[in-house]
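Working notes, structure below.
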Amino acid sequence: MTAQAVETGDLATVIGLEVHVQLETDTKIFCGCSTDVGDDEPNTHTCPTCLGLPGALPVVNEGAVEAAVKVGKAIDATIPEETNFHRKNYYYPDLPKNFQITQYDAPICQDGELEFSVEGERRSVSVRRAHLEEDPGSLQHKGGSIDTADYTLVDYNRAGTPLMEIVTEPDFRSPDEVRSFLAKLTEVLEYLGIFDATRDGSLRVDANLSIVDMSEVDGEEVDASTLEDADPNRTEVKNISSHKGAEKALAYEETRQRNAIQRGRVVEQETRHWDESKGVTLSMRSKEEEKDYRYFREADLPPLKVSDWKERLSIPELPDARRERFQAEYGLNEEAADKLTSTKEVADFFEDVAERFDPGLAATWVADELLGELNYRDMAITDVSGRFDEIERLVELVADEEITTKNARETVLREMLDEGDAPTEIVEREDLGKTSGDEVQGAVEAAIEENPDAVADYHDGDDGAINFLVGQVMGKTGGSADPGDVNQLLRAELDG
Ligand SMILES: Nc1ncnc2c1ncn2[C@@H]1O[C@H](COP(=O)(O)OP(=O)(O)OP(=O)(O)O)[C@@H](O)[C@H]1O
Ligand SMILES: [Mg+2]
Ligand SMILES: [Mg+2]
């Protein structure tokens with residue numbers, strides 16, 4: 001049968017996410033095995049519980065529940081009186097028990113919300129629920145990828161790592177919104193101190209996408225009721241592990257589904273796999289339904305009373321609030337406030353520096369100089385957190401006018417980062433201490449004496465000649481004089 005091209009009105013894209021984030025705890029969610037597995041030998045961080053051996057009993061790690069409650073506070077979610085766990089049954093080699101302990105009808109968080117911006121515009125996404133669950137093991141496909149491998153090995157080091165699955169409403173309308181949302185979510189999770197974005201596999205996204213033909217529904221825009229009327233088939237794309245990957249996979253899927261609809265084909269409801277290297281989504285299987293999982297209560301774990309945990313646990317000031325406070329309290333512009341709140345560590349360091357020195361100077365040195373040089377070297381603030389004292393010392397040298405801004409920026413900071421030396425060491429070694437007034441005055445007089453042509457040009461009204469003379473003085477003082485001061489001294493000498 002050849003498909004007939006159909007008349008399609010405006011096609012609207014609808015996206016909802018299931019984001020799995022790894023909660024930073026020392027031990028796994030239901031046993032005492034360490035979560036710090038790094039590149040250790042496979043299957044060395046395991047015990048009867050996370051291997052799912054018969055008779056082994058799970059015990060819930062309260063640290064993981066606390067982390068989840070903090071997330072709930074940050075997204076303004078409802079925390080139930082009592083939470084409990086369920087078994088989700090399915091058969092796959094990464095799951096030793098053939099069921100995953102997860103949450104079903106009493107998730108730790110319900111009805112939250114997260115605001116973010118896309119290209120300067122504020123958007124808000126509702127979080128339907130966020131629940132705790134255990135990570136399965138990891139599969140290593142040998143001699144190929146998931147569909148072509150000769151054989152597959154399984155490593156249970158990861159099995160039992162605490163995960164939080166954050167399920168949004170289908171509120172996104174484009175792949176780039178998803179990318180901005182994920183950036184914001186990551187930022188918030190890091191502020192809470194429960195998430196490490198640099199850890200491999202710490203963020204995994206299942207991205208659901210459907211296309212609604214607006215000519216078939218009432219209303220101009222997609223909302224909950226038009227979506228219910230249209231009830232479009234959706235695909236769920238798995239194996240996405242980065243913000244950029246999510247955007248790319250969804251852009252691919254958006255085009256694929258739109259093209260299918262425009263050719264009069266039906267979009268299958270199915271689970272697809274994101275192939276990062278090929279940049280395509282591939283059909284894996286038809287979408288399983290809830291009944292396939294035979295959810296039932298995990299009888300080995302008693303329900304957990306959490307009604308007062310939201311009050312008991314405190315969370316730090318979050319990025320949006322901090323950004324606003326930075327503008328009000330330190331008089332920063334939006335761009336500087338954005339940069340200085342990009343991570344909690346940057347924000348904390350900035351506040352330390354701003355307390356000791358002028359906030360404007362602190363902002364320049366942390367936001368522009370330090371972050372700029374770090375960025376250039378592909379380094380993060382965490383790479384220099386052991387050297388905050390040294391960086392403050394450098395700002396102090398500038399604040400006390402012991403070295404020039406130019407030398408501080410172009411020599412001291414760069415050498416600190418490249419060679420690992422302390423600022424005072426570099427100042428001494430490179431002889432960067434600001435030249436004394438006498439020396440500068442001497443250099444000014446010498447420059448005037450040695451350059452009669454420039455002096456004559458200056459007196460003829462050629463103001464550019466002064467720049468040449470400033471350059472001469474800077475050369476004589478090895479760049480350690482202040483160019484503004486030199487300019488003034490020269491004018492005083494020439495006009496006097
Ligand atoms: N029409 C739609 N288009 C795009 N996304 C949708 C649509 N309807 C629902 N979604 C999204 O699909 C996701 C449903 O996730 P949920 O975990 O509730 O169920 P599931 O995917 O069926 O289950 P599982 O956890 O087993 O994958 C939500 O993120 C939701 O926003
Ligand atoms: Mg889900
Ligand atoms: Mg799903």
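Labels used: A, B, ... for chains in the order of the structure tokens, numbers from 1 for residues in each chain, and numbers from 1 for ligands as shown.
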
Skip Thr343 (chain A) itself and residues of its chain fewer than 3 positions away, then list as a list of chain:residue names all residues within 7 Å of it, counting only C-alpha atoms.
A:Glu187, A:Tyr191, A:Val346, A:Ala347

Just-selected residues, N, CA and C atoms written as a tab-separated table (two decimals), in the first residue's frame:
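Written output follows (selection_38.tsv):
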```tsv
chain	number	residue	atom	x	y	z
A	187	GLU	N	21.89	22.30	37.48
A	187	GLU	CA	22.39	23.39	38.33
A	187	GLU	C	21.76	23.29	39.73
A	191	TYR	N	23.55	22.47	43.33
A	191	TYR	CA	23.45	23.37	44.47
A	191	TYR	C	23.05	22.61	45.73
A	346	VAL	N	31.42	28.46	42.72
A	346	VAL	CA	31.80	29.77	42.20
A	346	VAL	C	31.15	30.86	43.04
A	347	ALA	N	29.85	30.69	43.32
A	347	ALA	CA	29.10	31.70	44.07
A	347	ALA	C	29.68	31.86	45.48
```

Inset, instruction - Could you tell me, counting only C-alpha atoms and all ligand atoms, which protein and nucleic acid residues lie no more than 8 Å from ligand 2, written as a PyMOL selection string? - result: chain A and resi 18+165+167+206

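Picture a line from CA of His273 (chain A) to CA of Asp147 (chain A); it runs 10.3 Å.
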
Next on the checklist: List the spatial neighbours of region 168-174 of chain A as a ChimeraX atom specification - criterion: any atom at most 10 Å away, only C-alpha atoms, same-chain residues fewer than 2 positions off excluded.
Outcome noted: /A:12-19,111-114,123-130,165-166,176-179,181,208-211,222-224,227,247,250-251,254

Write a file of the selected residues as a short mmCIF file (atom, residue, chain, number, x, y, z; two decimals), in the first residue's frame, keeping C-alpha atoms.
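Output saved as out_38.cif:
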```cif
data_model
loop_
_atom_site.label_atom_id
_atom_site.label_comp_id
_atom_site.auth_asym_id
_atom_site.auth_seq_id
_atom_site.Cartn_x
_atom_site.Cartn_y
_atom_site.Cartn_z
CA ALA A 12 2.73 20.87 17.28
CA THR A 13 5.56 19.07 19.03
CA VAL A 14 4.91 17.69 22.52
CA ILE A 15 7.69 16.43 24.76
CA GLY A 16 7.80 14.97 28.26
CA LEU A 17 10.87 13.71 30.11
CA GLU A 18 11.78 10.99 32.55
CA VAL A 19 15.12 12.08 33.96
CA ASP A 111 3.38 17.89 41.74
CA GLY A 112 6.51 19.98 41.57
CA GLU A 113 7.59 22.73 39.28
CA LEU A 114 10.81 24.06 37.84
CA ARG A 123 9.35 28.97 31.09
CA SER A 124 7.96 26.64 33.68
CA VAL A 125 7.59 22.87 33.59
CA SER A 126 5.45 20.81 35.92
CA VAL A 127 6.94 17.76 37.53
CA ARG A 128 4.31 15.03 37.75
CA ARG A 129 6.22 12.90 40.20
CA ALA A 130 9.75 12.05 41.27
CA GLU A 165 13.43 9.44 38.41
CA ILE A 166 11.93 12.85 37.78
CA ASP A 176 15.97 23.36 22.75
CA GLU A 177 13.62 23.92 25.68
CA VAL A 178 14.59 20.47 26.89
CA ARG A 179 18.24 21.36 26.76
CA PHE A 181 15.58 22.67 31.31
CA ASN A 208 8.95 11.09 25.04
CA LEU A 209 7.82 12.88 21.92
CA SER A 210 4.60 13.08 19.97
CA ILE A 211 3.20 15.32 17.27
CA VAL A 222 -1.59 22.26 22.92
CA ASP A 223 -2.75 22.03 26.51
CA ALA A 224 -3.79 19.18 28.76
CA LEU A 227 -3.66 16.54 24.32
CA GLU A 247 18.34 17.94 22.20
CA LEU A 250 14.56 14.88 20.09
CA ALA A 251 15.31 17.01 17.03
CA GLU A 254 10.66 15.46 15.76
#
```

Taking 5 positions as the minimum chain separation for residues in the same chain, which residues sit within 12 Å of Phe349 (chain A) when counting only C-alpha atoms? Answer as an mmCIF file with N, CA and C atoms, in the first residue's frame.
```
data_model
loop_
_atom_site.group_PDB
_atom_site.id
_atom_site.type_symbol
_atom_site.label_atom_id
_atom_site.label_comp_id
_atom_site.auth_asym_id
_atom_site.auth_seq_id
_atom_site.Cartn_x
_atom_site.Cartn_y
_atom_site.Cartn_z
ATOM 1 N N LEU A 340 28.401 34.273 38.006
ATOM 2 C CA LEU A 340 28.862 34.049 39.373
ATOM 3 C C LEU A 340 27.974 33.097 40.158
ATOM 4 N N THR A 341 26.832 32.739 39.600
ATOM 5 C CA THR A 341 25.992 31.756 40.281
ATOM 6 C C THR A 341 25.939 30.451 39.495
ATOM 7 N N SER A 342 26.792 30.332 38.490
ATOM 8 C CA SER A 342 26.722 29.154 37.612
ATOM 9 C C SER A 342 26.916 27.852 38.387
ATOM 10 N N THR A 343 27.748 27.881 39.413
ATOM 11 C CA THR A 343 27.796 26.733 40.334
ATOM 12 C C THR A 343 27.885 27.298 41.750
ATOM 13 N N LYS A 344 27.503 26.469 42.691
ATOM 14 C CA LYS A 344 27.494 26.922 44.074
ATOM 15 C C LYS A 344 28.912 27.273 44.532
ATOM 16 N N ALA A 354 34.255 38.959 47.771
ATOM 17 C CA ALA A 354 33.517 40.229 47.845
ATOM 18 C C ALA A 354 33.449 40.768 49.269
ATOM 19 N N GLU A 355 33.510 39.860 50.252
ATOM 20 C CA GLU A 355 33.475 40.307 51.633
ATOM 21 C C GLU A 355 34.786 41.000 52.026
ATOM 22 N N ARG A 356 35.884 40.526 51.437
ATOM 23 C CA ARG A 356 37.198 41.087 51.805
ATOM 24 C C ARG A 356 37.552 42.327 50.997
ATOM 25 N N PRO A 359 33.270 44.603 45.988
ATOM 26 C CA PRO A 359 32.500 43.617 45.218
ATOM 27 C C PRO A 359 32.731 43.714 43.704
ATOM 28 N N ALA A 362 35.954 42.068 43.036
ATOM 29 C CA ALA A 362 35.760 40.622 43.217
ATOM 30 C C ALA A 362 35.060 40.028 42.002
ATOM 31 N N ALA A 363 34.031 40.746 41.507
ATOM 32 C CA ALA A 363 33.272 40.242 40.352
ATOM 33 C C ALA A 363 34.176 40.154 39.132
ATOM 34 N N TRP A 365 37.401 39.842 39.046
ATOM 35 C CA TRP A 365 38.437 38.813 39.164
ATOM 36 C C TRP A 365 37.897 37.395 39.138
ATOM 37 N N VAL A 366 36.725 37.187 39.693
ATOM 38 C CA VAL A 366 36.167 35.826 39.678
ATOM 39 C C VAL A 366 35.458 35.546 38.356
ATOM 40 N N ALA A 367 34.552 36.460 37.946
ATOM 41 C CA ALA A 367 33.730 36.179 36.759
ATOM 42 C C ALA A 367 34.539 36.284 35.473
ATOM 43 N N LEU A 370 39.255 34.921 36.344
ATOM 44 C CA LEU A 370 39.426 33.521 36.746
ATOM 45 C C LEU A 370 38.618 32.574 35.858
ATOM 46 N N LEU A 371 37.306 32.813 35.754
ATOM 47 C CA LEU A 371 36.490 31.899 34.948
ATOM 48 C C LEU A 371 36.925 31.911 33.486
ATOM 49 N N ILE A 381 35.973 25.213 38.067
ATOM 50 C CA ILE A 381 36.287 25.834 39.352
ATOM 51 C C ILE A 381 36.761 24.768 40.352
ATOM 52 N N THR A 382 36.204 23.572 40.223
ATOM 53 C CA THR A 382 36.569 22.501 41.155
ATOM 54 C C THR A 382 38.043 22.115 41.015
ATOM 55 N N VAL A 384 40.443 24.167 40.927
ATOM 56 C CA VAL A 384 41.282 25.090 41.695
ATOM 57 C C VAL A 384 40.734 25.323 43.103
ATOM 58 N N SER A 385 39.790 24.479 43.531
ATOM 59 C CA SER A 385 39.198 24.771 44.851
ATOM 60 C C SER A 385 40.217 24.665 45.981
ATOM 61 N N GLY A 386 41.304 23.924 45.761
ATOM 62 C CA GLY A 386 42.344 23.862 46.782
ATOM 63 C C GLY A 386 43.219 25.106 46.793
ATOM 64 N N ARG A 387 43.013 26.019 45.840
ATOM 65 C CA ARG A 387 43.916 27.168 45.709
ATOM 66 C C ARG A 387 43.189 28.499 45.853
ATOM 67 N N PHE A 388 42.003 28.465 46.469
ATOM 68 C CA PHE A 388 41.249 29.710 46.635
ATOM 69 C C PHE A 388 42.045 30.750 47.423
ATOM 70 N N ASP A 389 42.825 30.278 48.432
ATOM 71 C CA ASP A 389 43.627 31.224 49.215
ATOM 72 C C ASP A 389 44.602 31.978 48.322
ATOM 73 N N ILE A 391 44.365 32.495 45.099
ATOM 74 C CA ILE A 391 43.669 33.408 44.184
ATOM 75 C C ILE A 391 43.250 34.673 44.941
ATOM 76 N N GLU A 392 42.828 34.507 46.197
ATOM 77 C CA GLU A 392 42.490 35.695 46.999
ATOM 78 C C GLU A 392 43.725 36.562 47.233
#
```

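For the atom pair formed by CA of Pro58 (chain A) and CA of Tyr92 (chain A), the distance is 20.3 Å, given to one decimal.
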
_Just want the 12 Å neighbourhood of Glu401 (chain A), counted on only C-alpha atoms, with same-chain residues fewer than 2 positions away dropped. Output as a ChimeraX atom specification._
/A:394-399,403-408,432-436,480-482

I'd like to know which residues of region 310-371 of chain A are helix (DSSP H, G or I) (by DSSP, run on the backbone); could you write them as an MDAnalysis selection string? chainID A and resid 310:312 319:330 334:340 344:356 359:371

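Residue neighbourhood of Leu23 (chain A), excluding near-sequence residues (fewer than 3 positions): Ala64, Ala67, Ala68, Thr161, Pro162, Leu163, Met164, Ile194 and Phe195 of chain A, at 8 Å, using only C-alpha atoms.
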
Kindly export the residues of the current selection with C-alpha atoms, as a JSON list (two decimals), in the first residue's frame.
```json
[["chain", "number", "residue", "atom", "x", "y", "z"],
["A", 64, "ALA", "CA", 19.07, 8.68, 49.65],
["A", 67, "ALA", "CA", 18.44, 13.71, 49.12],
["A", 68, "ALA", "CA", 15.13, 13.06, 47.38],
["A", 161, "THR", "CA", 23.05, 2.90, 43.12],
["A", 162, "PRO", "CA", 20.33, 5.32, 44.28],
["A", 163, "LEU", "CA", 18.46, 6.97, 41.44],
["A", 164, "MET", "CA", 15.74, 9.52, 41.42],
["A", 194, "ILE", "CA", 23.41, 15.67, 46.02],
["A", 195, "PHE", "CA", 24.53, 15.33, 42.43]]
```

**Q.** Backbone DSSP call of strand (DSSP E) for region 203-360 of chain A, listed as a ChimeraX atom specification
**A.** /A:203-213,235-240,270-275,280-286,296-297,304-305

Just-selected residues, N, CA and C atoms written as a tab-separated table (two decimals), in the first residue's frame:
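Result file is part-v3.tsv:
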```tsv
chain	number	residue	atom	x	y	z
A	203	LEU	N	23.40	11.22	34.78
A	203	LEU	CA	22.13	11.74	34.28
A	203	LEU	C	21.72	10.95	33.04
A	204	ARG	N	20.58	10.32	33.10
A	204	ARG	CA	20.09	9.57	31.94
A	204	ARG	C	18.64	9.95	31.68
A	205	VAL	N	18.37	10.21	30.42
A	205	VAL	CA	17.07	10.77	30.07
A	205	VAL	C	16.30	9.82	29.17
A	206	ASP	N	15.02	9.58	29.48
A	206	ASP	CA	14.10	8.96	28.54
A	206	ASP	C	13.24	10.09	28.02
A	207	ALA	N	13.27	10.29	26.71
A	207	ALA	CA	12.58	11.45	26.14
A	207	ALA	C	11.38	10.99	25.32
A	208	ASN	N	10.19	11.47	25.72
A	208	ASN	CA	8.95	11.09	25.04
A	208	ASN	C	8.53	12.21	24.11
A	209	LEU	N	8.22	11.84	22.87
A	209	LEU	CA	7.82	12.88	21.92
A	209	LEU	C	6.63	12.43	21.09
A	210	SER	N	5.71	13.34	20.88
A	210	SER	CA	4.60	13.08	19.97
A	210	SER	C	4.31	14.35	19.19
A	211	ILE	N	3.57	14.17	18.10
A	211	ILE	CA	3.20	15.32	17.27
A	211	ILE	C	1.68	15.40	17.23
A	212	VAL	N	1.17	16.59	17.50
A	212	VAL	CA	-0.28	16.78	17.47
A	212	VAL	C	-0.64	17.61	16.23
A	213	ASP	N	-1.58	17.07	15.45
A	213	ASP	CA	-2.07	17.81	14.30
A	213	ASP	C	-3.15	18.77	14.78
A	235	THR	N	6.66	8.26	21.05
A	235	THR	CA	7.80	7.35	21.16
A	235	THR	C	8.59	7.75	22.39
A	236	GLU	N	9.23	6.77	22.99
A	236	GLU	CA	10.08	7.04	24.14
A	236	GLU	C	11.50	6.69	23.73
A	237	VAL	N	12.38	7.70	23.71
A	237	VAL	CA	13.76	7.46	23.28
A	237	VAL	C	14.64	7.23	24.50
A	238	LYS	N	15.30	6.11	24.53
A	238	LYS	CA	16.16	5.76	25.67
A	238	LYS	C	17.64	5.91	25.30
A	239	ASN	N	18.49	5.74	26.29
A	239	ASN	CA	19.95	5.80	26.09
A	239	ASN	C	20.48	7.21	25.81
A	240	ILE	N	19.87	8.20	26.42
A	240	ILE	CA	20.37	9.56	26.27
A	240	ILE	C	21.08	9.93	27.56
A	270	GLU	N	6.17	3.36	20.43
A	270	GLU	CA	7.26	2.41	20.62
A	270	GLU	C	8.40	3.01	21.44
A	271	THR	N	9.29	2.12	21.86
A	271	THR	CA	10.50	2.53	22.55
A	271	THR	C	11.63	2.54	21.53
A	272	ARG	N	12.37	3.64	21.47
A	272	ARG	CA	13.47	3.73	20.51
A	272	ARG	C	14.79	3.96	21.24
A	273	HIS	N	15.88	3.70	20.54
A	273	HIS	CA	17.21	3.76	21.13
A	273	HIS	C	17.98	4.89	20.45
A	274	TRP	N	18.59	5.77	21.23
A	274	TRP	CA	19.39	6.86	20.64
A	274	TRP	C	20.79	6.34	20.37
A	275	ASP	N	21.18	6.33	19.09
A	275	ASP	CA	22.53	5.93	18.72
A	275	ASP	C	23.35	7.21	18.56
A	280	VAL	N	21.11	8.91	15.22
A	280	VAL	CA	19.75	8.50	14.83
A	280	VAL	C	19.06	7.78	15.99
A	281	THR	N	17.73	7.72	15.94
A	281	THR	CA	16.99	6.89	16.89
A	281	THR	C	16.55	5.64	16.16
A	282	LEU	N	16.66	4.48	16.82
A	282	LEU	CA	16.32	3.19	16.19
A	282	LEU	C	15.23	2.51	16.98
A	283	SER	N	14.34	1.85	16.26
A	283	SER	CA	13.24	1.16	16.92
A	283	SER	C	13.79	-0.01	17.75
A	284	MET	N	13.35	-0.12	19.01
A	284	MET	CA	13.81	-1.22	19.87
A	284	MET	C	12.71	-2.25	20.10
A	285	ARG	N	11.57	-1.76	20.50
A	285	ARG	CA	10.47	-2.65	20.84
A	285	ARG	C	9.21	-1.80	20.96
A	286	SER	N	8.06	-2.49	20.91
A	286	SER	CA	6.83	-1.72	21.12
A	286	SER	C	6.81	-1.31	22.59
A	296	PHE	N	3.83	-4.68	42.37
A	296	PHE	CA	3.22	-4.98	43.68
A	296	PHE	C	4.14	-4.53	44.79
A	297	ARG	N	3.58	-4.36	45.99
A	297	ARG	CA	4.32	-3.81	47.11
A	297	ARG	C	5.55	-4.64	47.45
A	304	LEU	N	7.67	4.17	54.97
A	304	LEU	CA	8.54	5.12	55.65
A	304	LEU	C	7.76	6.40	55.92
A	305	LYS	N	7.68	6.79	57.20
A	305	LYS	CA	6.98	8.04	57.54
A	305	LYS	C	7.91	9.21	57.22
```

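If you look at CA of Asn89 (chain A) and CA of Glu290 (chain A), they are 10.3 Å away from each other.
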
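Proximity of A:Thr44, A:Thr198, A:Asn451, A:Gln441 to Leu489 (chain A), computed with only C-alpha atoms, is greatest for A:Gln441.
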
Within 9 Å of Asp155 (chain A) using only C-alpha atoms, minus same-chain residues under 5 positions, as a PyMOL selection string = chain A and resi 41-44+94+137-140

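Proximity ranking of A:Asp457, A:Glu220, A:Ala337, A:Ser307 relative to Asp320 (chain A) places A:Ala337 first, based on only C-alpha atoms.
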